[in-house]
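Here is run_0.txt, consisting of compact mmCIF, C-alpha atoms:
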# COMPACT_ATOMS: atom_id res chain seq x y z
CA MET C 1 31.67 337.52 134.37
CA ASP C 2 28.45 339.40 134.85
CA PHE C 3 27.74 343.07 135.46
CA SER C 4 28.22 342.74 139.23
CA ASP C 5 31.82 341.57 138.66
CA TRP C 6 32.62 344.85 136.92
CA PHE C 7 32.40 346.80 140.18
CA ASP C 8 33.21 344.16 142.81
CA PHE C 9 35.92 346.24 144.48
CA ASN C 10 35.48 344.41 147.80
CA ASN C 11 36.68 341.14 146.22
CA ARG C 12 39.40 342.72 144.10
CA VAL C 13 42.72 340.85 143.98
CA LYS C 14 44.96 342.61 146.51
CA GLN C 15 47.96 340.28 146.66
CA ASP C 16 49.92 338.27 144.12
CA MET C 17 48.70 334.71 143.68
CA THR C 18 49.41 331.65 141.62
CA LEU C 19 46.60 329.64 140.08
CA VAL C 20 47.20 326.10 138.87
CA LYS C 21 45.42 323.53 136.76
CA GLU C 22 46.28 319.98 135.78
CA VAL C 23 46.02 319.46 132.00
CA ASN C 24 47.07 316.22 130.30
CA GLY C 25 49.26 315.26 133.26
CA GLN C 26 51.10 318.58 133.35
CA THR C 27 50.61 321.42 135.78
CA VAL C 28 49.78 324.73 134.13
CA THR C 29 50.37 327.84 136.23
CA LYS C 30 49.19 331.41 135.85
CA GLN C 31 50.33 334.37 137.92
CA VAL C 32 47.86 337.04 139.00
CA LYS C 33 49.24 340.32 140.31
CA GLY C 34 47.61 341.97 143.28
CA SER C 35 48.12 345.58 142.32
CA ILE C 36 46.87 347.97 139.70
CA ASN C 37 47.68 346.75 136.20
CA TRP C 38 49.35 349.80 134.66
CA LEU C 39 49.44 348.38 131.14
CA ALA C 40 45.71 347.62 131.30
CA LEU C 41 45.13 351.15 132.61
CA ILE C 42 47.08 352.69 129.72
CA PHE C 43 45.98 350.39 126.88
CA THR C 44 42.61 349.13 128.27
CA GLY C 45 41.06 346.53 125.97
CA PHE C 46 44.00 346.56 123.58
CA TYR C 47 46.18 345.08 126.32
CA ALA C 48 43.81 342.13 126.64
CA MET C 49 43.89 341.65 122.86
CA PHE C 50 47.65 341.67 122.38
CA SER C 51 49.14 340.38 125.66
CA GLN C 52 50.27 336.77 125.63
CA LYS C 53 50.21 336.65 129.44
CA TYR C 54 46.43 336.96 129.56
CA LYS C 55 45.60 334.32 126.96
CA THR C 56 43.02 332.02 128.49
CA LYS C 57 39.73 330.64 127.27
CA ASP C 58 36.96 333.30 127.11
CA PHE C 59 38.96 336.05 128.84
CA LEU C 60 39.37 338.24 125.76
CA GLN C 61 35.63 338.38 125.14
CA LYS C 62 34.91 339.14 128.78
CA ALA C 63 37.58 341.85 128.97
CA LEU C 64 36.30 343.52 125.81
CA VAL C 65 32.73 343.92 127.09
CA PRO C 66 33.70 346.55 129.72
CA PHE C 67 36.03 348.13 127.13
CA VAL C 68 33.16 348.58 124.68
CA ALA C 69 30.97 349.87 127.53
CA LEU C 70 33.65 352.49 128.28
CA ILE C 71 33.69 353.58 124.64
CA LEU C 72 29.91 353.91 124.54
CA LEU C 73 29.89 355.79 127.86
CA ASN C 74 32.51 358.21 126.54
CA ILE C 75 30.50 358.85 123.38
CA ILE C 76 27.32 359.50 125.36
CA VAL C 77 29.07 361.75 127.89
CA ASN C 78 30.74 363.71 125.09
CA LEU C 79 27.44 364.24 123.29
CA LEU C 80 25.53 365.25 126.42
CA LEU C 81 28.08 366.98 128.63
CA GLY C 82 31.07 367.99 126.52
CA ASN C 83 34.74 367.27 126.10
CA MET C 84 36.00 368.13 129.59
CA ILE C 85 33.59 365.79 131.36
CA GLU C 86 34.38 363.12 128.76
CA LEU C 87 38.08 363.46 129.57
CA ILE C 88 37.36 362.99 133.28
CA THR C 89 35.14 359.99 132.49
CA ASN C 90 37.84 358.54 130.25
CA ILE C 91 40.51 358.82 132.96
CA ALA C 92 38.20 357.37 135.62
CA GLY C 93 37.29 354.50 133.28
CA ALA C 94 40.94 353.72 132.57
CA VAL C 95 41.74 353.65 136.31
CA TRP C 96 38.75 351.37 136.92
CA TYR C 97 39.84 349.05 134.09
CA GLY C 98 43.40 348.90 135.45
CA LEU C 99 42.22 348.22 139.01
CA MET C 100 39.83 345.42 138.04
CA PHE C 101 41.70 343.78 135.14
CA ASP C 102 43.60 341.17 137.15
CA THR C 103 40.53 340.41 139.24
CA TRP C 104 38.58 339.67 136.07
CA PHE C 105 41.48 337.49 134.91
CA LYS C 106 41.51 335.56 138.19
CA ASN C 107 37.75 335.04 138.04
CA GLN C 108 38.02 333.72 134.48
CA LEU C 109 40.84 331.36 135.46
CA ILE C 110 38.68 329.97 138.27
CA ALA C 111 35.79 329.57 135.81
CA ASN C 112 38.22 327.66 133.56
CA GLY C 113 39.03 325.17 136.34
CA TYR C 114 42.08 326.73 137.97
CA HIS C 115 42.48 326.92 141.72
CA VAL C 116 44.66 329.04 143.98
CA GLN C 117 47.93 327.24 144.70
CA ASN C 118 48.74 326.78 148.36
CA GLY C 119 52.35 326.54 149.48
CA GLY C 120 55.36 326.18 147.18
CA GLN C 121 55.67 326.43 143.45
CA ALA C 122 54.50 323.68 141.13
CA LYS C 123 57.24 321.38 139.84
CA VAL C 124 56.12 321.34 136.21
CA THR C 125 54.99 324.53 134.53
CA THR C 126 53.72 324.93 131.01
CA ASP C 127 52.12 327.74 129.04
CA GLN C 128 48.38 327.39 129.21
CA HIS C 129 47.65 328.15 125.57
CA ASP C 130 49.39 324.88 124.63
CA PHE C 131 46.42 323.01 126.12
CA GLU C 132 43.33 325.21 125.94

As structure tokens, what does this structure read like?
Amino acid sequence: MDFSDWFDFNNRVKQDMTLVKEVNGQTVTKQVKGSINWLALIFTGFYAMFSQKYKTKDFLQKALVPFVALILLNIIVNLLLGNMIELITNIAGAVWYGLMFDTWFKNQLIANGYHVQNGGQAKVTTDQHDFE
């Protein structure tokens, strides 16, 4: 994920999808939701740290970079413009994080070798963290 992925609202996930990957002869599936992620909106980077659903190679590091950027932005806004503008920035940042969270997850899954499943469900499903 690079900086342009942070604000790629045109390619945001807008419908639920299943991504699959073959690992050691077993099909691993991951679900990506196509709506705002309310838990990511409320807990921001902490949700990426503690959620088992979003465990995939390199996703935690990539989800924490925008989280740290939000913290730094809030500190700068508070120092320069005051508490009220910081509150507005904080709320806008949380909404942005919640809107883009699943898109970042999908992009990381694709970078990890997953592809969007077409058609029916996979016959064999396994938790991904057993293999990666």

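Distances to Asn90 of chain C were evaluated for C:Asn107, C:Thr44, C:Ser35, C:Gln52 using only C-alpha atoms, and the minimum falls at C:Thr44.
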
### Query
Lys14 of chain C: which residues within 10 Å, counting all atoms listed in the file, same-chain residues fewer than 5 positions away excluded, as a ChimeraX atom specification?
/C:9,32-36,99,102-103

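Taking atom CA of Asn11 of chain C and atom CA of Asn74 of chain C as the two end points, the separation is 26.4 Å.
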
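Checking C:Leu41, C:Glu86, C:Gln61, C:Gln31 one by one against Val13 of chain C, counting only C-alpha atoms, you find the shortest gap at C:Gln31.
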
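Atom to atom, atom CA of Tyr114 of chain C and atom CA of Ile42 of chain C stand 27.7 Å apart.
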
Counting all atoms listed in the file, I want the residues whose atoms come within 9 Å of (43.6, 333.7, 128.5) in the file frame, returned as an MDAnalysis selection string. chainID C and resid 48 52:60 105 108:109 128:129 132

Practice problem: Take atom CA of Trp38 of chain C and atom CA of Gly98 of chain C and report the distance between them in Å, one decimal. | Solution: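 Between atom CA of Trp38 of chain C and atom CA of Gly98 of chain C the gap is 6.1 Å.
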
Q. Nearest to Val116 of chain C among C:Leu73, C:Lys30, C:Phe3, C:Phe67, with distances taken over only C-alpha atoms: which residue is it?
A.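 Comparing C:Leu73, C:Lys30, C:Phe3, C:Phe67 against Val116 of chain C, the winner is C:Lys30.
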
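With distances taken from (38.0, 346.5, 127.8) and restricted to all atoms listed in the file, the residues inside 8 Å are C:Thr44, C:Gly45, C:Phe46, C:Ala48, C:Ala63, C:Leu64, C:Val65, C:Pro66, C:Phe67, C:Val68, C:Ala69, C:Leu70, C:Tyr97.
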